[in-house]
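S.K.: Let me give you the structure first, and then I'll get to my questions.
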Amino acid sequence: MITMKITANIITLNEENHIEAVIKSAMEVCDEVLVIDSLSMDKTCEIAEALGAKVMKQAYLGDGMQKAFGVPFAKNEWILSIDADERLDANAIEAIKKLDLEHTPYEAFSFARKTYIGKAFIKLWYPDRVTRLYNKSKCGFTTAGGHARVDTQNVKALDADLLHYSYADYGEMIKTSHKFITRGAKIAHEEGKKASSFDPFLHGVGALFKALILKGGAFHGVNGWNVAVISAFSSYMKYALMLEMQENG
């Protein structure tokens, strides 16, 4: 039986293949589950409601704003923000259950995220620490464009993992990277950031060097090389698109 006063906050869009597993994972430590759905066309909402989650529908507002949307409706002070493709590892469930949230001096807690592409654990991206358990009265997600974060410096790093089933395969990763490249270039352009003609090359080569050499991806086998090359290409194309936007006004 769950005795902790934590509300899980999950944003979704067509996540019928993930929603049951993430809700059941969250229920290991949460006594309330909110699903903020971006108008899914599949069975995401029906599955969530059948599992006891409270579903709220809201057209997508951006990562931070979407994650912040449901927080005022949460009955608890503590929020566990978990994405549909994430799960709490056993060590995270144990770590959360040991927390004294009523008396903790911390505003938030972070987890190390273990990302998988298919069945392959991507060592290159570990620990990819993310802050996901936080006190809503003291902090919350930034609502700026792009990929948001919990805005606080008073964070305790837990020795615990979030399992992140990011992509089914490399084909899906390549397809999805196009969306992030375009969005990243657009946000940078709207913020008035400028790119020089050298930036695509410099950032592309820099990303490849960082992934293969500084982070050791060259020694992580084919998965390390695959991720490094895709990441370098994404960095190159982001600045190439920024240049194109500048030229087109």
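In the structure tokens, each chain is lettered A, B, ... as it comes, each chain's residues begin at 1, and ligands are numbered from 1 in order of appearance.
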Taking the backbone alone, and naming residues the way the document does, which bits of range 4-247 of chain A are strand (DSSP E) by DSSP, as JSON, numbers by chain?

M.R.: {"A": [6, 7, 8, 9, 10, 11, 12, 32, 33, 34, 35, 36, 37, 54, 55, 56, 57, 78, 79, 80, 81, 86, 87, 88, 108, 109, 110, 111, 112, 113, 114, 115, 116, 117, 120, 121, 130, 131, 132, 133, 134, 135, 155, 156, 157, 158, 159, 160, 161, 162, 163, 164, 165, 166, 167]}

S.K.: Suppose we keep C-alpha atoms; can you now write the selection as a CSV table (one decimal), in the first residue's frame?

M.R.:
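What landed in again_36.csv:
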chain,number,residue,atom,x,y,z
A,6,ILE,CA,3.5,12.1,-3.9
A,7,THR,CA,1.6,13.0,-7.1
A,8,ALA,CA,3.0,11.5,-10.4
A,9,ASN,CA,2.8,14.0,-13.3
A,10,ILE,CA,3.0,12.4,-16.7
A,11,ILE,CA,2.6,14.2,-20.1
A,12,THR,CA,1.5,12.1,-23.0
A,32,GLU,CA,-2.0,10.0,-7.1
A,33,VAL,CA,-1.3,10.0,-10.8
A,34,LEU,CA,-2.1,12.8,-13.2
A,35,VAL,CA,-1.8,12.3,-16.9
A,36,ILE,CA,-1.7,15.5,-19.0
A,37,ASP,CA,-2.6,14.4,-22.5
A,54,LYS,CA,-6.7,11.3,-13.4
A,55,VAL,CA,-6.6,12.4,-17.1
A,56,MET,CA,-6.6,16.1,-18.2
A,57,LYS,CA,-6.5,17.0,-21.9
A,78,TRP,CA,5.6,16.6,-3.8
A,79,ILE,CA,5.5,16.0,-7.5
A,80,LEU,CA,7.2,13.1,-9.4
A,81,SER,CA,7.5,14.2,-13.0
A,86,GLU,CA,10.5,6.2,-18.4
A,87,ARG,CA,10.3,3.8,-15.4
A,88,LEU,CA,11.5,3.9,-11.9
A,108,ALA,CA,14.1,18.5,-5.0
A,109,PHE,CA,15.8,15.2,-5.8
A,110,SER,CA,17.6,14.0,-9.0
A,111,PHE,CA,18.1,10.6,-10.5
A,112,ALA,CA,20.6,9.1,-12.9
A,113,ARG,CA,18.9,8.2,-16.1
A,114,LYS,CA,19.8,5.0,-17.9
A,115,THR,CA,18.8,5.3,-21.6
A,116,TYR,CA,18.1,2.4,-23.9
A,117,ILE,CA,17.8,2.3,-27.7
A,120,ALA,CA,20.9,-1.6,-25.9
A,121,PHE,CA,22.0,0.4,-22.8
A,130,VAL,CA,17.7,14.7,-14.2
A,131,THR,CA,15.7,16.4,-11.4
A,132,ARG,CA,12.2,14.9,-11.2
A,133,LEU,CA,11.0,14.7,-7.6
A,134,TYR,CA,10.3,18.2,-6.3
A,135,ASN,CA,8.2,20.3,-3.8
A,155,VAL,CA,18.8,19.4,-5.1
A,156,LYS,CA,19.9,16.2,-3.6
A,157,ALA,CA,21.4,13.6,-6.0
A,158,LEU,CA,20.0,10.2,-5.2
A,159,ASP,CA,21.9,7.0,-5.9
A,160,ALA,CA,19.0,5.8,-8.0
A,161,ASP,CA,18.1,5.3,-11.6
A,162,LEU,CA,15.3,6.2,-14.0
A,163,LEU,CA,15.1,3.7,-16.9
A,164,HIS,CA,14.6,5.6,-20.1
A,165,TYR,CA,13.3,3.6,-23.1
A,166,SER,CA,14.0,6.4,-25.5
A,167,TYR,CA,13.9,4.8,-29.0

S.K.: Give me, as a tab-separated table, the closest atom pair and its distance (Å, one decimal) for every residue of range 99-134 of chain A within a cut-off of 9 Å of range 195-219 of chain A, counting only C-alpha atoms, rows sorted by chain and rising number.

M.R.:
residue	atom	partner	partner_atom	distance
A:Lys123	CA	A:Gly217	CA	8.0
A:Leu124	CA	A:Gly217	CA	5.6
A:Trp125	CA	A:Lys215	CA	8.7

S.K.: Could those selected residues go to a file with C-alpha atoms, as a PDB file, in the first residue's frame?

M.R.:
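Result file part.pdb:
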ATOM      1  CA  LYS A 123      26.595   3.919 -21.668  1.00  0.00           C
ATOM      2  CA  LEU A 124      27.669   7.137 -23.414  1.00  0.00           C
ATOM      3  CA  TRP A 125      24.617   8.968 -22.040  1.00  0.00           C
TER       4      TRP A 125
END

S.K.: So how many Å separate CA of Ala185 in chain A and CA of Ser231 in chain A, to one decimal?

M.R.: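 Separation between CA of Ala185 in chain A and CA of Ser231 in chain A: 14.6 Å.
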
S.K.: Could you tell me which of A:Met4, A:Met65, A:Val71, A:Ala21 comes closest to Ser137 in chain A if we count only C-alpha atoms?

M.R.: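 For Ser137 in chain A, the nearest of the candidates is A:Val71.
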
S.K.: Determine which residues of range 147-208 of chain A receive a DSSP assignment of helix (DSSP H, G or I), computed from the backbone, and state them as number ranges by chain.

M.R.: A: 170-190, 199-208
